[in-house]
$ cat target.tsv   # TSV, C-alpha atoms
chain	number	residue	atom	x	y	z
A	7	MET	CA	22.40	-39.22	16.86
A	8	PHE	CA	19.02	-37.93	17.86
A	9	LYS	CA	17.06	-39.43	15.04
A	10	ALA	CA	13.93	-41.02	16.48
A	11	ASN	CA	14.33	-44.68	17.38
A	12	GLY	CA	12.82	-47.02	14.80
A	13	LYS	CA	11.14	-45.25	11.96
A	14	GLY	CA	10.14	-42.23	14.07
A	15	ASN	CA	6.89	-40.48	13.50
A	16	ALA	CA	6.09	-37.87	10.90
A	17	VAL	CA	4.23	-34.76	11.88
A	18	ARG	CA	0.58	-35.23	11.19
A	19	LEU	CA	-0.89	-32.10	9.88
A	20	VAL	CA	-4.53	-31.54	10.49
A	21	LEU	CA	-6.08	-30.80	7.18
A	22	SER	CA	-8.97	-28.37	7.43
A	23	VAL	CA	-11.36	-28.61	4.48
A	24	ALA	CA	-13.58	-25.60	3.70
A	25	THR	CA	-15.61	-24.59	0.65
A	26	VAL	CA	-15.89	-20.83	0.27
A	27	ALA	CA	-18.35	-19.55	-2.32
A	28	VAL	CA	-19.17	-15.90	-3.02
A	29	LEU	CA	-22.59	-16.08	-4.60
A	30	ALA	CA	-25.45	-13.74	-5.33
A	31	ALA	CA	-28.36	-14.31	-2.99
A	32	CYS	CA	-30.70	-15.19	-5.84
A	33	SER	CA	-28.35	-17.54	-7.71
A	34	SER	CA	-29.55	-21.07	-8.29
A	35	PRO	CA	-27.51	-24.30	-8.15
A	36	GLN	CA	-27.58	-24.37	-11.95
A	37	ASP	CA	-26.26	-20.81	-12.16
A	38	ARG	CA	-23.28	-21.77	-10.02
A	39	LYS	CA	-22.15	-24.28	-12.62
A	40	MET	CA	-22.03	-21.67	-15.37
A	41	ALA	CA	-19.59	-18.91	-16.18
A	42	ASN	CA	-20.90	-15.55	-14.97
A	43	ARG	CA	-20.68	-13.81	-18.36
A	44	GLY	CA	-22.70	-13.96	-21.54
A	45	PHE	CA	-22.42	-16.59	-24.23
A	46	GLU	CA	-22.80	-14.34	-27.30
A	47	TYR	CA	-19.54	-15.77	-28.58
A	48	GLU	CA	-21.44	-18.91	-29.56
A	49	GLU	CA	-23.07	-16.89	-32.35
A	50	SER	CA	-19.71	-15.87	-33.81
A	51	ARG	CA	-18.93	-17.14	-37.27
A	52	LEU	CA	-15.71	-17.21	-39.24
A	53	GLU	CA	-15.82	-14.78	-42.13
A	54	GLY	CA	-14.15	-16.16	-45.26
A	55	ARG	CA	-12.70	-13.55	-47.54
A	56	ALA	CA	-11.02	-13.99	-50.90
A	57	PHE	CA	-7.31	-13.26	-51.03
A	58	LEU	CA	-7.01	-10.10	-53.10
A	59	VAL	CA	-3.91	-9.43	-55.16
A	60	PRO	CA	-3.47	-5.71	-55.92
A	61	ALA	CA	-3.22	-4.77	-59.57
A	62	GLY	CA	0.26	-4.96	-60.97
A	63	LEU	CA	1.42	-7.66	-58.52
A	64	SER	CA	1.81	-11.37	-59.15
A	65	ALA	CA	-0.11	-13.85	-56.97
A	66	PRO	CA	2.17	-15.62	-54.45
A	67	ALA	CA	2.71	-19.38	-54.63
A	68	PHE	CA	0.47	-21.39	-52.27
A	69	ASN	CA	0.76	-24.88	-50.77
A	70	SER	CA	-1.27	-26.91	-48.30
A	71	ASN	CA	1.56	-27.74	-45.87
A	72	PHE	CA	0.08	-25.64	-43.10
A	73	ASP	CA	-3.62	-26.10	-43.71
A	74	ILE	CA	-5.60	-26.67	-40.50
A	75	PRO	CA	-7.63	-29.86	-40.87
A	76	ALA	CA	-11.34	-29.71	-40.25
A	77	LEU	CA	-12.52	-30.89	-36.83
A	78	PRO	CA	-14.26	-34.26	-36.85
A	79	GLU	CA	-17.89	-34.28	-35.79
A	80	SER	CA	-17.02	-36.33	-32.69
A	81	SER	CA	-15.03	-33.39	-31.33
A	82	ARG	CA	-18.20	-31.31	-31.16
A	83	GLU	CA	-19.92	-33.63	-28.70
A	84	GLY	CA	-18.53	-31.95	-25.56
A	85	ALA	CA	-20.30	-29.30	-23.53
A	86	ILE	CA	-20.08	-25.73	-24.77
A	87	GLY	CA	-21.24	-22.35	-23.56
A	88	ALA	CA	-23.73	-22.45	-20.68
A	89	LYS	CA	-23.41	-26.24	-20.45
A	90	VAL	CA	-19.73	-26.08	-19.41
A	91	ASP	CA	-19.33	-26.79	-15.67
A	92	VAL	CA	-16.93	-24.12	-14.38
A	93	ARG	CA	-16.68	-25.50	-10.84
A	94	PRO	CA	-13.25	-26.80	-9.81
A	95	PRO	CA	-12.95	-30.60	-10.02
A	96	ALA	CA	-13.61	-32.56	-6.85
A	97	GLN	CA	-10.49	-34.25	-5.48
A	98	LEU	CA	-10.04	-37.07	-3.01
A	99	LEU	CA	-8.55	-35.92	0.29
A	100	THR	CA	-6.13	-38.15	2.18
A	101	VAL	CA	-6.92	-36.67	5.59
A	102	VAL	CA	-6.63	-40.01	7.39
A	103	PRO	CA	-2.98	-40.65	8.34
A	104	GLY	CA	-1.45	-43.12	5.90
A	105	SER	CA	-4.42	-43.14	3.53
A	106	GLN	CA	-3.74	-43.16	-0.20
A	107	VAL	CA	-5.64	-42.50	-3.43
A	108	VAL	CA	-6.01	-45.67	-5.50
A	109	ALA	CA	-6.24	-45.42	-9.28
A	110	SER	CA	-9.59	-46.77	-10.45
A	111	ALA	CA	-10.54	-48.07	-13.89
A	112	ASN	CA	-13.95	-46.45	-13.37
A	113	PRO	CA	-13.67	-42.64	-12.90
A	114	GLY	CA	-17.15	-42.61	-11.38
A	115	GLU	CA	-16.00	-44.87	-8.56
A	116	PRO	CA	-13.23	-43.04	-6.62
A	117	THR	CA	-11.18	-45.23	-4.28
A	118	LEU	CA	-9.12	-44.65	-1.15
A	119	ALA	CA	-6.88	-47.07	0.74
A	120	PHE	CA	-6.95	-46.93	4.54
A	121	TYR	CA	-3.89	-48.52	6.16
A	122	ALA	CA	-3.52	-50.03	9.63
A	123	LEU	CA	-1.65	-47.56	11.85
A	124	SER	CA	-0.31	-50.21	14.20
A	125	THR	CA	0.07	-53.98	14.36
A	126	SER	CA	-2.77	-54.14	16.87
A	127	GLN	CA	-5.32	-52.28	14.71
A	128	SER	CA	-7.86	-54.26	12.71
A	129	VAL	CA	-8.31	-51.78	9.89
A	130	GLU	CA	-11.05	-53.88	8.26
A	131	ARG	CA	-13.15	-53.97	11.43
A	132	ASP	CA	-12.59	-50.26	12.05
A	133	THR	CA	-13.54	-49.25	8.51
A	134	TRP	CA	-16.81	-51.20	8.60
A	135	ALA	CA	-17.69	-49.82	12.04
A	136	PHE	CA	-16.85	-46.24	11.09
A	137	LEU	CA	-18.88	-46.52	7.88
A	138	MET	CA	-22.04	-47.72	9.61
A	139	ASN	CA	-21.73	-45.03	12.28
A	140	PHE	CA	-21.07	-42.40	9.60
A	141	LEU	CA	-24.34	-43.32	7.91
A	142	ALA	CA	-26.20	-43.30	11.21
A	143	GLN	CA	-24.88	-39.81	11.95
A	144	HIS	CA	-26.44	-38.58	8.69
A	145	LYS	CA	-29.67	-40.49	9.48
A	146	VAL	CA	-29.14	-42.73	6.45
A	147	THR	CA	-30.34	-46.33	6.55
A	148	THR	CA	-28.43	-49.37	5.34
A	149	GLU	CA	-30.51	-50.99	2.62
A	150	LYS	CA	-28.12	-53.84	1.81
A	151	LEU	CA	-25.13	-55.17	3.73
A	152	ASP	CA	-23.02	-58.06	2.48
A	153	GLN	CA	-19.79	-58.07	4.42
A	154	GLN	CA	-18.64	-61.24	2.68
A	155	SER	CA	-18.60	-59.52	-0.70
A	156	GLY	CA	-17.69	-56.17	0.84
A	157	VAL	CA	-20.77	-54.26	-0.36
A	158	LEU	CA	-22.98	-51.80	1.50
A	159	GLN	CA	-25.82	-49.98	-0.24
A	160	THR	CA	-27.35	-46.99	1.50
A	161	GLY	CA	-30.79	-45.51	1.76
A	162	TRP	CA	-31.39	-41.93	0.65
A	163	PHE	CA	-29.06	-39.08	1.54
A	164	ASP	CA	-31.09	-35.86	1.50
A	165	ASN	CA	-29.31	-32.74	0.29
A	166	THR	CA	-26.86	-31.49	2.89
A	167	SER	CA	-23.58	-29.63	2.78
A	168	ALA	CA	-21.95	-33.07	2.76
A	169	LEU	CA	-23.36	-33.86	-0.67
A	170	ASP	CA	-24.48	-30.65	-2.33
A	171	GLY	CA	-21.35	-28.83	-1.23
A	172	TRP	CA	-22.89	-25.36	-0.90
A	173	ALA	CA	-23.81	-25.52	2.79
A	174	GLU	CA	-26.98	-23.46	2.41
A	175	GLU	CA	-30.72	-23.99	2.40
A	176	ASP	CA	-32.46	-23.67	-0.95
A	177	ASP	CA	-36.20	-24.31	-1.04
A	178	ASP	CA	-36.22	-24.44	-4.83
A	179	PHE	CA	-33.45	-27.03	-5.07
A	180	LYS	CA	-33.76	-30.52	-3.63
A	181	ILE	CA	-31.44	-33.45	-4.16
A	182	ARG	CA	-31.19	-36.94	-2.78
A	183	GLN	CA	-29.01	-39.90	-3.61
A	184	ARG	CA	-28.25	-43.49	-2.75
A	185	TYR	CA	-24.70	-44.81	-2.70
A	186	GLN	CA	-22.83	-48.08	-2.83
A	187	PHE	CA	-19.70	-48.43	-0.69
A	188	THR	CA	-17.41	-51.31	-1.65
A	189	LEU	CA	-14.65	-52.50	0.70
A	190	ARG	CA	-11.79	-54.71	-0.44
A	191	ASN	CA	-9.45	-56.13	2.19
A	192	ASP	CA	-5.74	-56.05	1.28
A	193	THR	CA	-4.13	-58.39	3.80
A	194	GLN	CA	-0.64	-58.11	2.32
A	195	ARG	CA	-0.51	-54.35	2.82
A	196	HIS	CA	-2.68	-54.34	5.99
A	197	ALA	CA	-5.15	-52.03	4.27
A	198	VAL	CA	-8.75	-51.70	3.14
A	199	ASN	CA	-9.63	-50.17	-0.23
A	200	MET	CA	-12.94	-48.31	-0.18
A	201	SER	CA	-14.77	-47.33	-3.37
A	202	VAL	CA	-17.95	-45.26	-3.67
A	203	ARG	CA	-20.41	-44.79	-6.52
A	204	VAL	CA	-23.83	-43.20	-6.93
A	205	LEU	CA	-26.64	-45.74	-7.24
A	206	ASP	CA	-29.68	-43.46	-7.60
A	207	HIS	CA	-30.07	-39.73	-8.05
A	208	GLU	CA	-33.06	-37.39	-7.83
A	209	GLU	CA	-32.75	-33.66	-8.36
A	210	THR	CA	-35.68	-31.24	-8.12
A	211	ILE	CA	-35.36	-27.66	-9.34
A	212	ASP	CA	-38.39	-25.35	-9.22
A	213	GLY	CA	-40.68	-28.36	-8.89
A	214	GLU	CA	-39.24	-30.30	-11.84
A	215	THR	CA	-37.52	-33.60	-10.97
A	216	SER	CA	-34.72	-35.26	-12.93
A	217	THR	CA	-33.04	-38.59	-12.31
A	218	THR	CA	-30.25	-38.20	-14.86
A	219	LEU	CA	-26.69	-37.52	-13.78
A	220	THR	CA	-23.70	-36.79	-16.00
A	221	PRO	CA	-20.61	-38.96	-15.48
A	222	ALA	CA	-18.72	-35.88	-14.27
A	223	ASP	CA	-21.37	-35.08	-11.65
A	224	ALA	CA	-21.55	-38.73	-10.60
A	225	GLN	CA	-17.81	-38.66	-9.94
A	226	ARG	CA	-18.12	-35.32	-8.12
A	227	TYR	CA	-20.80	-36.60	-5.75
A	228	ALA	CA	-19.04	-39.91	-5.13
A	229	THR	CA	-15.81	-38.04	-4.34
A	230	ARG	CA	-17.60	-35.73	-1.91
A	231	ALA	CA	-19.23	-38.67	-0.14
A	232	LEU	CA	-15.87	-40.45	0.23
A	233	ASN	CA	-14.21	-37.24	1.47
A	234	GLN	CA	-16.92	-36.77	4.09
A	235	PHE	CA	-16.40	-40.34	5.26
A	236	SER	CA	-12.62	-39.75	5.45
A	237	LEU	CA	-13.16	-36.72	7.68
A	238	TYR	CA	-15.39	-38.83	9.93
A	239	TYR	CA	-12.82	-41.68	9.95
A	240	ASP	CA	-10.06	-39.26	10.98
A	241	LYS	CA	-12.25	-37.77	13.72
A	242	GLN	CA	-12.94	-41.21	15.18
A	243	LEU	CA	-9.24	-42.12	15.20
A	244	LYS	CA	-8.39	-38.89	17.02
A	245	ALA	CA	-11.16	-39.47	19.57
A	246	ARG	CA	-9.83	-42.98	20.20
A	247	GLU	CA	-6.28	-41.69	20.66
A	248	GLN	CA	-7.48	-39.01	23.05
A	249	HIS	CA	-9.43	-41.57	25.06
A	250	LYS	CA	-6.33	-43.73	25.41
A	251	THR	CA	-4.29	-40.69	26.42
A	252	ASN	CA	-6.80	-39.91	29.17
A	253	ASP	CA	-6.41	-43.44	30.54
A	254	GLY	CA	-3.37	-44.83	32.28
A	255	MET	CA	-0.40	-46.25	30.38
A	256	GLY	CA	1.82	-49.11	31.41
A	257	MET	CA	5.56	-48.37	31.62
A	258	GLU	CA	8.49	-50.68	32.19
A	259	LEU	CA	12.28	-50.52	32.12
A	260	GLY	CA	14.00	-51.85	29.05
A	261	LEU	CA	16.23	-51.11	26.08
A	262	ASP	CA	15.39	-48.95	23.10
A	263	ASN	CA	16.14	-49.88	19.49
A	264	ASN	CA	19.73	-48.71	20.00
A	265	ASP	CA	20.20	-50.92	23.08
A	266	LEU	CA	20.25	-47.95	25.47
A	267	SER	CA	18.52	-47.96	28.86
A	268	ALA	CA	15.04	-46.54	28.40
A	269	TRP	CA	11.49	-46.48	29.63
A	270	ILE	CA	9.19	-48.58	27.44
A	271	VAL	CA	5.54	-47.42	27.38
A	272	ASP	CA	2.74	-49.63	26.14
A	273	ALA	CA	1.14	-46.96	23.96
A	274	SER	CA	1.53	-45.34	20.55
A	275	PHE	CA	4.05	-42.60	19.81
A	276	GLU	CA	1.41	-39.86	19.73
A	277	GLN	CA	-0.15	-40.97	23.02
A	278	VAL	CA	3.22	-41.05	24.76
A	279	TRP	CA	4.22	-37.71	23.21
A	280	ARG	CA	1.13	-36.00	24.62
A	281	ARG	CA	1.41	-37.67	28.03
A	282	LEU	CA	5.12	-36.90	28.44
A	283	ASN	CA	4.51	-33.23	27.65
A	284	GLN	CA	1.83	-33.23	30.36
A	285	VAL	CA	3.86	-35.11	32.98
A	286	LEU	CA	7.29	-33.45	32.79
A	287	PRO	CA	6.33	-29.96	34.08
A	288	GLY	CA	4.96	-31.59	37.23
A	289	TYR	CA	8.39	-33.05	38.10
A	290	GLY	CA	10.62	-30.01	37.83
A	291	PHE	CA	11.23	-30.12	34.08
A	292	THR	CA	10.75	-26.92	32.08
A	293	ILE	CA	10.12	-27.67	28.42
A	294	LYS	CA	12.36	-25.46	26.27
A	295	ASP	CA	11.89	-26.88	22.78
A	296	THR	CA	10.22	-29.80	21.02
A	297	GLN	CA	10.32	-31.48	17.62
A	298	GLN	CA	7.61	-34.08	17.26
A	299	SER	CA	8.68	-35.20	13.78
A	300	LEU	CA	12.10	-36.15	15.23
A	301	GLY	CA	10.66	-37.29	18.55
A	302	TRP	CA	12.65	-35.13	21.00
A	303	ILE	CA	11.79	-32.80	23.89
A	304	ASP	CA	14.50	-30.46	25.25
A	305	VAL	CA	14.09	-29.59	28.94
A	306	GLU	CA	15.83	-27.89	31.83
A	307	TYR	CA	15.65	-29.62	35.21
A	308	ASP	CA	15.28	-27.80	38.54
A	309	GLU	CA	15.10	-29.88	41.72
A	310	PRO	CA	11.54	-29.43	43.09
A	311	GLY	CA	12.61	-29.64	46.76
A	312	ALA	CA	12.09	-31.95	49.74
A	313	GLU	CA	8.46	-30.99	50.36
A	314	PHE	CA	7.54	-31.91	46.80
A	315	TRP	CA	9.04	-35.40	47.09
A	316	LYS	CA	7.51	-35.89	50.51
A	317	ALA	CA	4.08	-35.10	49.10
A	318	LYS	CA	4.71	-37.52	46.23
A	319	GLY	CA	5.90	-40.21	48.64
A	320	ALA	CA	8.95	-40.82	46.43
A	321	GLU	CA	12.71	-40.38	46.47
A	322	PRO	CA	14.24	-37.37	44.65
A	323	PHE	CA	15.64	-37.99	41.19
A	324	LYS	CA	19.38	-38.65	41.18
A	325	LEU	CA	19.58	-36.09	38.42
A	326	GLU	CA	21.69	-32.95	38.40
A	327	GLU	CA	20.07	-29.62	37.65
A	328	ASP	CA	20.95	-29.14	34.00
A	329	LYS	CA	19.67	-29.38	30.42
A	330	TYR	CA	18.47	-32.71	29.03
A	331	ARG	CA	16.76	-34.25	26.02
A	332	PHE	CA	13.98	-36.85	26.13
A	333	GLN	CA	14.03	-38.92	22.93
A	334	LEU	CA	10.98	-40.93	21.85
A	335	GLY	CA	11.01	-43.77	19.35
A	336	GLU	CA	8.49	-46.24	17.95
A	337	MET	CA	8.99	-49.91	18.75
A	338	ALA	CA	7.41	-53.13	17.60
A	339	GLY	CA	4.03	-54.09	19.03
A	340	GLY	CA	2.73	-50.53	19.22
A	341	LYS	CA	5.08	-49.57	22.08
A	342	THR	CA	7.17	-46.42	22.47
A	343	SER	CA	10.60	-45.96	24.04
A	344	ILE	CA	11.76	-42.89	26.02
A	345	THR	CA	15.53	-42.40	26.27
A	346	LEU	CA	17.19	-39.60	28.27
A	347	PHE	CA	20.34	-37.76	27.11
A	348	ASP	CA	22.39	-35.07	28.85
A	349	LYS	CA	23.38	-31.72	27.34
A	350	ASP	CA	26.43	-33.36	25.72
A	351	LYS	CA	24.21	-35.83	23.86
A	352	LYS	CA	25.34	-38.71	26.06
A	353	PRO	CA	22.84	-41.23	27.48
A	354	VAL	CA	22.07	-40.76	31.17
A	355	ALA	CA	23.34	-43.56	33.40
A	356	SER	CA	21.16	-46.67	33.77
A	357	GLY	CA	21.03	-46.19	37.55
A	358	VAL	CA	19.41	-42.78	37.17
A	359	ILE	CA	16.98	-44.15	34.59
A	360	SER	CA	15.96	-46.91	37.02
A	361	GLN	CA	15.49	-44.46	39.90
A	362	MET	CA	13.41	-42.04	37.81
A	363	TYR	CA	11.28	-44.94	36.63
A	364	ILE	CA	9.70	-45.29	40.07
A	365	SER	CA	8.07	-41.85	39.90
A	366	LEU	CA	7.46	-41.57	36.17
A	367	SER	CA	5.82	-44.99	35.85
A	368	GLY	CA	3.33	-43.98	38.52
A	369	ALA	CA	2.54	-40.75	36.67
A	370	PHE	CA	2.02	-42.61	33.40
A	371	ALA	CA	-0.19	-45.20	35.10
A	372	LYS	CA	-2.60	-42.48	36.25
A	373	GLY	CA	-5.22	-41.15	33.90
A	374	GLN	CA	-5.53	-37.42	33.38
A	375	ALA	CA	-8.57	-37.24	35.63
A	376	ASP	CA	-6.56	-38.81	38.48
A	377	GLN	CA	-3.71	-36.37	37.92
A	378	ALA	CA	-6.08	-33.40	37.93
A	379	ALA	CA	-7.65	-34.60	41.20
A	380	ALA	CA	-4.20	-35.02	42.78
A	381	LYS	CA	-3.25	-31.45	41.81
A	382	ALA	CA	-6.50	-30.11	43.26
A	383	GLU	CA	-5.71	-31.72	46.61
$ encode --input "target.tsv" --output "structure tokens"
Amino acid sequence: MFKANGKGNAVRLVLSVATVAVLAACSSPQDRKMANRGFEYEESRLEGRAFLVPAGLSAPAFNSNFDIPALPESSREGAIGAKVDVRPPAQLLTVVPGSQVVASANPGEPTLAFYALSTSQSVERDTWAFLMNFLAQHKVTTEKLDQQSGVLQTGWFDNTSALDGWAEEDDDFKIRQRYQFTLRNDTQRHAVNMSVRVLDHEETIDGETSTTLTPADAQRYATRALNQFSLYYDKQLKAREQHKTNDGMGMELGLDNNDLSAWIVDASFEQVWRRLNQVLPGYGFTIKDTQQSLGWIDVEYDEPGAEFWKAKGAEPFKLEEDKYRFQLGEMAGGKTSITLFDKDKKPVASGVISQMYISLSGAFAKGQADQAAAKAE
């Protein structure tokens, strides 16, 4: 019965991304790509010996059923020995809620899909804005911008932990790169597909500069760049949500998706979840247990007393001191419902919901700064 109204809201885990490398102080970037043991095995050769039949014994019968065929020359074209890159492969991270890895025909051009998180979000506008601010944060210029074709080409990224991945200074190793970000709007799925590829590469080791890049390294760098953008994208979404939470929220009386009397708040599930957890303790509710993925908050209500209500300038709740459950549910238009149930899992009477609305709507309409000032007084 207490399944969240509408589709509910899954717990969003904050993914923390860290690269931990235990390296010798004198190791170079090239050394880090190689196995840390010798490569003497490359000098090994197969010794062919004749099959000897001891005197007095007959030679066994032979056939070619299990002969191992010779390797074709094309199979010897891969890297061997010191040229094998032993670093773990770079993987795309779907840290942005709802984002998804998109299979790409070009391995060197990793792609992520960013989906709109509400009907009011313009995911295309947000993705373009976040991308340009991401570049500005890294002091990277925009060399070419064609929003019609969905292409942005960057200036030079100098080597940073965002691109090199080792998060350390190395005077003997310098790297810089230019990238192309391609955005494709998917109106049917309310999403934007973003692809990244390396345009230019310069790598200087001990004073010698190279502009060549293997396909594997090109994919690695493009993946890292897209992952760094995803982390920035997620950070901006969280900052926006927090800003909205700090501001006031409109609340009205209405019906939830199950046609029960409820408070309807003009804000997202996460915003209302945070605000309700902040507001309830100030009105005599002690929070006993919560389950955000299912959208409920279990509380115990103790009447605050006449002086409290006098200070608030409001009438006391017509609510008995007991245990209750506040149930949140997502609604159309980016709104969130709050329904109140008693300890027997029965909805609280509409009259009580209406009376409580007077005080709770005022609390939701105030920003956090206003609430903090009121407490200080």
$ atom_distance --input "target.tsv" --atom1 "atom CA of A:Ala231" --atom2 "atom CA of A:Phe163"
10.0 Å
$ closest_residue --input "target.tsv" --among "A:Ser128, A:Ser236, A:Gly161, A:Gln194" --to "A:Gln106" --atoms "all atoms listed in the file"
A:Ser236
$ closest_residue --input "target.tsv" --among "A:Phe323, A:Gln333, A:Leu158, A:Pro310" --to "A:Asp262" --atoms "all atoms listed in the file"
A:Gln333
$ closest_residue --input "target.tsv" --among "A:Ala338, A:Gly301, A:Glu276, A:Met257" --to "A:Lys372" --atoms "only C-alpha atoms"
A:Met257
$ residues_around --input "target.tsv" --residues "A:Leu266" --least-positions-apart "6" --cutoff "9 Å" --atoms "all atoms listed in the file" --output "NGL selection string"
:A and (260 or 345 or 353 or 356)
$ closest_residue --input "target.tsv" --among "A:Trp279, A:Trp162, A:Trp315, A:Trp134" --to "A:Ser299" --atoms "only C-alpha atoms"
A:Trp279
